[in-house]
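Undergrad: Got a structure for you, written out below as structure tokens; questions coming shortly.
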Amino acid sequence: MFKITPRPGRAYWGKNLNAAGYVLKDWNWIFIDPEIKAISSPLARFKEGYIFAQENEAVIQNNIMVCGNMLQIVAHGQGVAFAEGVSAYFYEEKGIVTDLAVYIQGTNMGAIPQSRRAVECRIVCSSDNDLPIYKRKTALRYKDIVIAENDLGNGFCRYSISLDNKEASQKINHLYFRFSLKDKSAHFIHINRSFPLWSSVEHGISMYIENEVDSYSDNVADVRNVMLEKHTMN
């Protein structure tokens with residue numbers, strides 16, 4: 001599982017990093033510092049990720065094998081474009097599909113180049129209390145699960161989880177947690193709200209699996225077993 005981060009790498013993800021491991025069933029972490037410039041375009045960051053994957057192909061493929069032939073990426077902020085570049089390289093050059101990508105508070109996502117089939121499932125997480133620079137972001141073109149954090153102003157925060165497809169777009173699930181964003185940093189949701197974030201990610205994955213199962217009309221039981229094995233890595 002790749003954590004696309006600016007410096008200082010592991011410390012950037014906080015003390016509650018294990019929450020991601022429990023949800024994704026993946027403990028073979030590699031931390032990547034893409035050295036993103038303060039001012040850079042999504043296209044430039046995408047190209048940097050593509051080149052990085054090309055130059056570090058052997059290391060990444062070894063990690064994929066260690067992880068049971070699974071490739072999962074977690075990225076924050078500007079790292080989302082870099083992550084898409086990594087996935088695009090492996091899909092276009094090696095035929096390897098990224099199984100899951102979790103994008104947290106991505107910046108200017110509407111301008112990020114994407115290879116649609118490079119990632120099987122994309123999860124996009126955002127907060128209505130993001131910093132102004134992140135509030136101005138546009139939507140990622142291709143995504144599968146959307147998670148939105150909202151401070152209700154009554155001591156509770158709501159995480160709204162939905163699937164980004166026409167059939168399931170009307171179904172929104174909500175998780176509620178007792179805390180206020182006034183006492184938390186709006187940015188760095190992955191550090192300050194790790195438990196609600198990853199609980200919501202886990203719930204979103206369950207919704208996605210159920211929707212995939214329901215899309216088949218034959219051998220539903222067999223399909224369910226295959227999907228659960230594939231996405232939970234048991």
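To be explicit about the labels: the chains of the structure tokens are called A, B, and onward in the order shown, and within each one the residues are counted from 1, while ligands get numbers from 1 in the order they are shown.
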Please identify every residue of range 30-126 of chain A that has at least one atom no farther than 7 Å from an atom of range 136-147 of chain A, counting only C-alpha atoms, and for each give the shortest atom pair and the distance in Å to one decimal, arranged by chain then increasing number, as a Markdown table.
TA:
```
| residue | atom | partner | partner_atom | distance |
| --- | --- | --- | --- | --- |
| A:Thr107 | CA | A:Lys137 | CA | 5.5 |
| A:Asn108 | CA | A:Lys137 | CA | 4.3 |
| A:Met109 | CA | A:Leu140 | CA | 4.8 |
| A:Gly110 | CA | A:Thr138 | CA | 4.6 |
| A:Arg116 | CA | A:Tyr142 | CA | 6.4 |
| A:Cys121 | CA | A:Asp144 | CA | 5.8 |
| A:Arg122 | CA | A:Lys143 | CA | 4.9 |
| A:Ile123 | CA | A:Ile145 | CA | 4.6 |
| A:Val124 | CA | A:Val146 | CA | 5.0 |
| A:Cys125 | CA | A:Ile147 | CA | 4.7 |
| A:Ser126 | CA | A:Ile147 | CA | 6.4 |
```
Undergrad: Taking only C-alpha atoms into account, name the residue in A:Met65, A:Leu24, A:Leu152, A:Cys157 that is nearest to Leu175 in chain A.
TA: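 Nearest candidate to Leu175 in chain A out of A:Met65, A:Leu24, A:Leu152, A:Cys157: A:Cys157.
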Undergrad: Would you please extract all strand (DSSP E) residues from range 94-138 of chain A, as assigned by DSSP on the backbone, and give them as a compact mmCIF listing (two decimals) with C-alpha atoms, in the first residue's frame?
TA:
```
# COMPACT_ATOMS: atom_id res chain seq x y z
CA LEU A 100 -8.06 0.67 -4.58
CA ALA A 101 -7.14 4.35 -4.36
CA VAL A 102 -8.18 6.49 -1.39
CA TYR A 103 -7.90 10.21 -2.12
CA ILE A 104 -8.14 12.57 0.85
CA ARG A 122 -11.49 5.29 -6.33
CA ILE A 123 -12.63 6.75 -3.00
CA VAL A 124 -12.74 10.55 -2.74
CA CYS A 125 -12.88 12.09 0.76
CA SER A 126 -13.51 15.78 1.44
CA SER A 127 -14.63 18.11 4.22
```
Undergrad: Calculate how many Å separate CA of Pro42 in chain A from CA of Ile189 in chain A, rounding to one decimal.
TA: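 Value for the CA of Pro42 in chain A-CA of Ile189 in chain A distance: 21.2 Å.
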Undergrad: For Pro113 in chain A, which residue among A:Tyr208, A:Phe90, A:Trp198, A:Tyr50 is the nearest when counting only C-alpha atoms?
TA: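 The shortest atom-to-atom distance to Pro113 in chain A comes from A:Tyr50.
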Undergrad: With only C-alpha atoms as the counted atoms, please give the residues lying no more than 10 Å from Ala53 in chain A, apart from itself and same-chain residues fewer than 5 positions off, as a PDB file with N, CA and C atoms, in the first residue's frame.
TA:
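Now in out_36.pdb:
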```pdb
ATOM      1  N   LYS A  47       2.548  13.710 -14.276  1.00  0.00           N
ATOM      2  CA  LYS A  47       3.727  13.263 -15.032  1.00  0.00           C
ATOM      3  C   LYS A  47       4.843  12.817 -14.092  1.00  0.00           C
ATOM      4  N   GLU A  48       4.998  13.518 -12.969  1.00  0.00           N
ATOM      5  CA  GLU A  48       6.012  13.130 -11.991  1.00  0.00           C
ATOM      6  C   GLU A  48       5.715  11.753 -11.414  1.00  0.00           C
ATOM      7  N   ALA A  58      10.581  -1.899 -10.352  1.00  0.00           N
ATOM      8  CA  ALA A  58      10.945  -3.163  -9.709  1.00  0.00           C
ATOM      9  C   ALA A  58      10.561  -3.180  -8.234  1.00  0.00           C
ATOM     10  N   VAL A  59      10.855  -2.081  -7.540  1.00  0.00           N
ATOM     11  CA  VAL A  59      10.535  -1.998  -6.110  1.00  0.00           C
ATOM     12  C   VAL A  59       9.030  -2.096  -5.892  1.00  0.00           C
ATOM     13  N   ILE A  60       8.274  -1.386  -6.711  1.00  0.00           N
ATOM     14  CA  ILE A  60       6.826  -1.377  -6.561  1.00  0.00           C
ATOM     15  C   ILE A  60       6.236  -2.746  -6.895  1.00  0.00           C
ATOM     16  N   GLN A  61       6.729  -3.384  -7.940  1.00  0.00           N
ATOM     17  CA  GLN A  61       6.209  -4.704  -8.296  1.00  0.00           C
ATOM     18  C   GLN A  61       6.523  -5.731  -7.225  1.00  0.00           C
ATOM     19  N   PHE A  82      -0.244  12.918  -8.345  1.00  0.00           N
ATOM     20  CA  PHE A  82       0.942  12.061  -8.407  1.00  0.00           C
ATOM     21  C   PHE A  82       0.525  10.587  -8.392  1.00  0.00           C
ATOM     22  N   ALA A  83      -0.430  10.272  -7.508  1.00  0.00           N
ATOM     23  CA  ALA A  83      -0.908   8.893  -7.385  1.00  0.00           C
ATOM     24  C   ALA A  83      -1.559   8.415  -8.681  1.00  0.00           C
ATOM     25  N   GLY A  85      -0.797   9.349 -11.599  1.00  0.00           N
ATOM     26  CA  GLY A  85       0.290   9.092 -12.531  1.00  0.00           C
ATOM     27  C   GLY A  85       0.919   7.727 -12.319  1.00  0.00           C
ATOM     28  N   VAL A  86       1.086   7.346 -11.050  1.00  0.00           N
ATOM     29  CA  VAL A  86       1.626   6.022 -10.736  1.00  0.00           C
ATOM     30  C   VAL A  86       0.710   4.922 -11.281  1.00  0.00           C
ATOM     31  N   SER A  87      -0.586   5.061 -11.019  1.00  0.00           N
ATOM     32  CA  SER A  87      -1.551   4.060 -11.490  1.00  0.00           C
ATOM     33  C   SER A  87      -1.587   4.001 -13.013  1.00  0.00           C
ATOM     34  N   ALA A  88      -1.531   5.164 -13.657  1.00  0.00           N
ATOM     35  CA  ALA A  88      -1.580   5.198 -15.120  1.00  0.00           C
ATOM     36  C   ALA A  88      -0.402   4.459 -15.735  1.00  0.00           C
ATOM     37  N   TYR A  89       0.789   4.641 -15.160  1.00  0.00           N
ATOM     38  CA  TYR A  89       1.967   3.952 -15.706  1.00  0.00           C
ATOM     39  C   TYR A  89       1.789   2.438 -15.641  1.00  0.00           C
ATOM     40  N   PHE A  90       1.406   1.944 -14.475  1.00  0.00           N
ATOM     41  CA  PHE A  90       1.308   0.487 -14.332  1.00  0.00           C
ATOM     42  C   PHE A  90       0.196  -0.100 -15.197  1.00  0.00           C
TER      43      PHE A  90
END
```
Undergrad: Would you please work out which residue, of A:Ala81, A:Gly204, A:Ala148, A:Pro196, is nearest to Leu163 in chain A when using only C-alpha atoms?
TA: A:Gly204
Undergrad: Compare A:Ile73, A:Gly14, A:Asn62, A:Gly68 by their minimum atom-to-atom distance to Ile32 in chain A, counting only C-alpha atoms, and give me the closest one.
TA: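 Answer, going by the shortest atom-to-atom distance: A:Ile73.
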Undergrad: Would you mind listing what lies within 7 Å of Leu71 in chain A as a list in words, with only C-alpha atoms counted and same-chain residues fewer than 6 positions away left out?
TA: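 With the cut-off at 7 Å, the set is Met1, Ile64, Thr98, Asp99 and Leu100 of chain A.
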Undergrad: Which residues come within 9 Å of Asp26 in chain A, counting only C-alpha atoms, excluding same-chain residues fewer than 2 positions away, as a VMD selection string?
TA: chain A and resid 1 20 to 24 28 to 29 67 72 233
Undergrad: Rounded to one decimal in Å, what is the spacing between CA of Arg193 in chain A and CA of Glu84 in chain A?
TA: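 For CA of Arg193 in chain A relative to CA of Glu84 in chain A, the distance reads 24.3 Å.
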Undergrad: Find the residue from A:Ser162, A:Ser180, A:Asn192, A:Gln78 that sits nearest to Ile205 in chain A; use only C-alpha atoms when measuring.
TA: A:Ser162
Undergrad: Taking the DSSP assignment computed from this structure's backbone, write out as a ChimeraX atom specification all residues of range 16-228 of chain A that belong to helix (DSSP H, G or I).
TA: /A:18-24,42-55,57-66,79-94,109-111,116-118,132-135,181-183,189-192,194-214,220-228
Undergrad: To one decimal place, how far is CA of Lys182 in chain A from CA of Asn150 in chain A in Å?
TA: 11.7 Å
Undergrad: From the set A:Gln54, A:Ser200, A:Ser194, A:Ser115, which residue has the shortest atom-to-atom contact distance to Leu17 in chain A, counting only C-alpha atoms?
TA: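 Ranking A:Gln54, A:Ser200, A:Ser194, A:Ser115 by distance to Leu17 in chain A, first place goes to A:Ser194.
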